[in-house]
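Novice: First, the structure itself, so that you have it in front of you.
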Amino acid sequence: MRMRPKVSVVGAGNVGASVAQYTVEKELADVVLVDIIKGLPHGKALDLLHAGPIHGYDSQLIGSNDYGPTGESDIVVITAGLARKPGMSRDDLLFKNAEIMGAVVDQVAARSPSAILIVVANPLDAMTYLAWKKSGFPTERVVGMAGILDSARFRTFVALELGVSVENVSAFVLGGHGDTMVPLPRYCTVAGIPITELLSKEQIDAIVDRTRHGGAEIVNLLKAGGAYYAPGAAVTEMIEAILKNKKKILPCATYLNGEYGIKGLYVGVPVKLGRGGVEQVIEVKLRPEEQAAFEKSAESVRELVKKLKL
Ligand code: NAD
């Protein structure tokens, strides 16, 4: 009898391993790690299994170079792909990662036709669109992770600036996962108080700018590869919201069908995540300058998707 849900994580690199770690630490599911590198997913799965007695989890972990063990997954997280190096933009990864994404989706969609796909590989919004197209899944079961990470970075910087708990800070960031993302300061609050009441325009502008370049800041520090702890935590929050049917409102890359004036594109907006995947797109009223920034961001996603010639 299968007791726990199954989460497969394709790409057992930095982000994939963090997702696996946080998922079993919360005992949300059993985890299958898949990668093309021989031994890598097996080694990481076994190592994480050995941490179980210490952390107190009974979640099972399996590593594999093929997709057999992923069958009938509840959720498949796709991190497989190249990560950025210093000087590279997320968009520079487009064609190589599209090739990988296409191959991975063919494999997982056939074996887990009822799964929810969480896409992580960059450029995120275009890769999520590709995964949706390739899988043939309904839009509510294909979603991309980016906004939770971008919002978490924003929240961290606000908390640091004000010297308050990160738990008091909520934020949201709209748009594509790239330099055109749109952090919305007036929807960012500290214990319910908008940050526009607590911070000067200069302070907020500096936080917005650091959030926009938060990924690049880490790539420049690490030199080889990008961020993975916070991305892993962000994916795990989505997994938890889905498996526990929490109906949590989180910013995610989702298919827009006219909402926010955008049609036929994956872009980041707040959604309600539950057992059905994206159960609702939450529309907030934007001011003209915010709408313009959002449309500019969506346009840059559309340009990338066009290049994929799907
Ligand atoms: P990584 O290099 O550490 O791991 C990627 C893994 O994918 C590697 O182990 C590689 O062997 C594997 N892989 C490559 N091709 C594969 C295939 N065809 N099948 C199975 N596995 C395959 O990179 P990472 O730091 O984990 O980042 C992974 C991706 O996630 C990158 O594209 C990165 O830009 C992206 N990312 C996105 C976000 C976000 O907010 N959406 C955040 C961080 C990273």
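Labeling convention for the structure tokens: chains A, B, ... as they appear, residues from 1 per chain, ligands from 1 in order of appearance.
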Collect all residues with atoms no farther than 8 Å from ligand 1, counting only C-alpha atoms and all ligand atoms, and output them as a ChimeraX atom specification.

Specialist: /A:10-17,34-37,40,65,79-84,90,93,97,100-101,103-104,119-124,144-147,149-150,177,215,225-228,230-232

Novice: Among the residues of region 36-81 of chain A, find those DSSP assigns to alpha helix (DSSP H) from the backbone and print them as a PyMOL selection string.

Specialist: chain A and resi 40-55

Novice: So, with only C-alpha atoms as the atoms that count, which of A:Ile62, A:Ile249, A:Ala45, A:Leu304 lies closest to Gln280 (chain A)?

Specialist: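 Among A:Ile62, A:Ile249, A:Ala45, A:Leu304, it is A:Ile249 that comes nearest to Gln280 (chain A).
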
Novice: DSSP on the backbone, then: every residue of region 53-198 of chain A marked strand (DSSP E or B), written as a ChimeraX atom specification.

Specialist: /A:61-64,75-78,116-119,142-144,169-170,173-175,182-183,189-190,193-194

Novice: Take the residues that were just selected and, keeping N, CA and C atoms, output them as a PDB file, in the first residue's frame.

Specialist:
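Wrote it out as part.pdb, contents follow:
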ATOM      1  N   LEU A  61      13.465   7.485  -0.274  1.00  0.00           N
ATOM      2  CA  LEU A  61      14.114   8.170  -1.398  1.00  0.00           C
ATOM      3  C   LEU A  61      14.717   7.136  -2.328  1.00  0.00           C
ATOM      4  N   ILE A  62      14.521   7.353  -3.615  1.00  0.00           N
ATOM      5  CA  ILE A  62      15.107   6.470  -4.616  1.00  0.00           C
ATOM      6  C   ILE A  62      15.844   7.342  -5.632  1.00  0.00           C
ATOM      7  N   GLY A  63      17.033   6.912  -6.033  1.00  0.00           N
ATOM      8  CA  GLY A  63      17.752   7.596  -7.106  1.00  0.00           C
ATOM      9  C   GLY A  63      17.703   6.739  -8.356  1.00  0.00           C
ATOM     10  N   SER A  64      17.622   7.385  -9.515  1.00  0.00           N
ATOM     11  CA  SER A  64      17.503   6.599 -10.741  1.00  0.00           C
ATOM     12  C   SER A  64      18.037   7.372 -11.942  1.00  0.00           C
ATOM     13  N   ILE A  75       3.466  14.679  -8.055  1.00  0.00           N
ATOM     14  CA  ILE A  75       4.097  15.924  -8.514  1.00  0.00           C
ATOM     15  C   ILE A  75       5.427  15.566  -9.168  1.00  0.00           C
ATOM     16  N   VAL A  76       5.742  16.213 -10.270  1.00  0.00           N
ATOM     17  CA  VAL A  76       7.080  16.087 -10.854  1.00  0.00           C
ATOM     18  C   VAL A  76       7.697  17.485 -10.925  1.00  0.00           C
ATOM     19  N   VAL A  77       8.838  17.627 -10.286  1.00  0.00           N
ATOM     20  CA  VAL A  77       9.568  18.896 -10.301  1.00  0.00           C
ATOM     21  C   VAL A  77      10.669  18.776 -11.346  1.00  0.00           C
ATOM     22  N   ILE A  78      10.751  19.739 -12.254  1.00  0.00           N
ATOM     23  CA  ILE A  78      11.761  19.632 -13.312  1.00  0.00           C
ATOM     24  C   ILE A  78      12.812  20.731 -13.152  1.00  0.00           C
ATOM     25  N   ILE A 116       1.063  16.834 -11.292  1.00  0.00           N
ATOM     26  CA  ILE A 116       1.219  18.279 -11.430  1.00  0.00           C
ATOM     27  C   ILE A 116       2.705  18.530 -11.702  1.00  0.00           C
ATOM     28  N   LEU A 117       3.005  19.284 -12.742  1.00  0.00           N
ATOM     29  CA  LEU A 117       4.399  19.585 -13.072  1.00  0.00           C
ATOM     30  C   LEU A 117       4.793  20.937 -12.483  1.00  0.00           C
ATOM     31  N   ILE A 118       5.883  20.945 -11.741  1.00  0.00           N
ATOM     32  CA  ILE A 118       6.437  22.220 -11.260  1.00  0.00           C
ATOM     33  C   ILE A 118       7.759  22.439 -11.996  1.00  0.00           C
ATOM     34  N   VAL A 119       7.795  23.466 -12.804  1.00  0.00           N
ATOM     35  CA  VAL A 119       8.975  23.733 -13.629  1.00  0.00           C
ATOM     36  C   VAL A 119       9.900  24.716 -12.904  1.00  0.00           C
ATOM     37  N   VAL A 142       0.274  22.549 -14.759  1.00  0.00           N
ATOM     38  CA  VAL A 142       1.657  22.902 -15.127  1.00  0.00           C
ATOM     39  C   VAL A 142       1.924  24.312 -14.606  1.00  0.00           C
ATOM     40  N   VAL A 143       2.886  24.432 -13.714  1.00  0.00           N
ATOM     41  CA  VAL A 143       3.111  25.703 -13.027  1.00  0.00           C
ATOM     42  C   VAL A 143       4.615  25.897 -12.843  1.00  0.00           C
ATOM     43  N   GLY A 144       5.039  27.138 -12.835  1.00  0.00           N
ATOM     44  CA  GLY A 144       6.471  27.413 -12.695  1.00  0.00           C
ATOM     45  C   GLY A 144       6.794  28.113 -11.383  1.00  0.00           C
ATOM     46  N   VAL A 169       6.995  40.027   7.256  1.00  0.00           N
ATOM     47  CA  VAL A 169       7.014  40.717   5.958  1.00  0.00           C
ATOM     48  C   VAL A 169       6.359  39.860   4.888  1.00  0.00           C
ATOM     49  N   SER A 170       5.363  40.415   4.218  1.00  0.00           N
ATOM     50  CA  SER A 170       4.838  39.714   3.059  1.00  0.00           C
ATOM     51  C   SER A 170       4.969  40.633   1.848  1.00  0.00           C
ATOM     52  N   VAL A 173       5.729  39.774  -6.029  1.00  0.00           N
ATOM     53  CA  VAL A 173       6.460  40.211  -7.205  1.00  0.00           C
ATOM     54  C   VAL A 173       5.736  39.608  -8.401  1.00  0.00           C
ATOM     55  N   LEU A 174       5.436  40.456  -9.355  1.00  0.00           N
ATOM     56  CA  LEU A 174       4.720  39.988 -10.550  1.00  0.00           C
ATOM     57  C   LEU A 174       5.669  39.878 -11.731  1.00  0.00           C
ATOM     58  N   GLY A 175       5.176  39.256 -12.800  1.00  0.00           N
ATOM     59  CA  GLY A 175       5.894  39.287 -14.065  1.00  0.00           C
ATOM     60  C   GLY A 175       6.796  38.102 -14.281  1.00  0.00           C
ATOM     61  N   VAL A 182       8.421  42.537 -11.691  1.00  0.00           N
ATOM     62  CA  VAL A 182       7.779  43.755 -11.166  1.00  0.00           C
ATOM     63  C   VAL A 182       7.444  43.609  -9.676  1.00  0.00           C
ATOM     64  N   PRO A 183       8.360  43.976  -8.808  1.00  0.00           N
ATOM     65  CA  PRO A 183       8.008  43.960  -7.377  1.00  0.00           C
ATOM     66  C   PRO A 183       7.007  45.077  -7.094  1.00  0.00           C
ATOM     67  N   THR A 189       3.820  44.340   2.837  1.00  0.00           N
ATOM     68  CA  THR A 189       3.455  44.838   4.163  1.00  0.00           C
ATOM     69  C   THR A 189       4.329  44.231   5.252  1.00  0.00           C
ATOM     70  N   VAL A 190       4.411  44.983   6.361  1.00  0.00           N
ATOM     71  CA  VAL A 190       5.101  44.489   7.554  1.00  0.00           C
ATOM     72  C   VAL A 190       4.053  44.481   8.662  1.00  0.00           C
ATOM     73  N   ILE A 193       1.251  46.594   7.726  1.00  0.00           N
ATOM     74  CA  ILE A 193       1.501  48.008   7.382  1.00  0.00           C
ATOM     75  C   ILE A 193       2.249  48.060   6.040  1.00  0.00           C
ATOM     76  N   PRO A 194       1.723  48.787   5.056  1.00  0.00           N
ATOM     77  CA  PRO A 194       2.449  48.862   3.776  1.00  0.00           C
ATOM     78  C   PRO A 194       3.852  49.438   3.965  1.00  0.00           C
TER      79      PRO A 194
END

Novice: Write out as a PyMOL selection string which residues come within 8 Å of Thr211 (chain A) when counting only C-alpha atoms, dropping same-chain ones fewer than 6 positions away.

Specialist: chain A and resi 150+153-154+157

Novice: Which neighbours of Ala159 (chain A) fall inside 12 Å, counting only C-alpha atoms, when residues of the same chain fewer than 3 positions from it are skipped, and could you give them as a list in words?

Specialist: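 The filter keeps Ala152, Arg153, Phe154, Arg155, Thr156, Leu162, Gly163, Val164, Ser165, Val166, Glu167, Asn168, Val169, Ser170, Ala171, Cys188, Thr189, Val190, Ala191, Ile195, Leu198, Leu199, Ile204 and Ile207 of chain A.
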
Novice: CA of Thr254 (chain A) to CA of Thr128 (chain A): how many Å, to one decimal?

Specialist: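 CA of Thr254 (chain A) sits 8.2 Å away from CA of Thr128 (chain A).
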
Novice: CA of Ser59 (chain A) and CA of Val105 (chain A), how far apart in Å?

Specialist: 25.0 Å
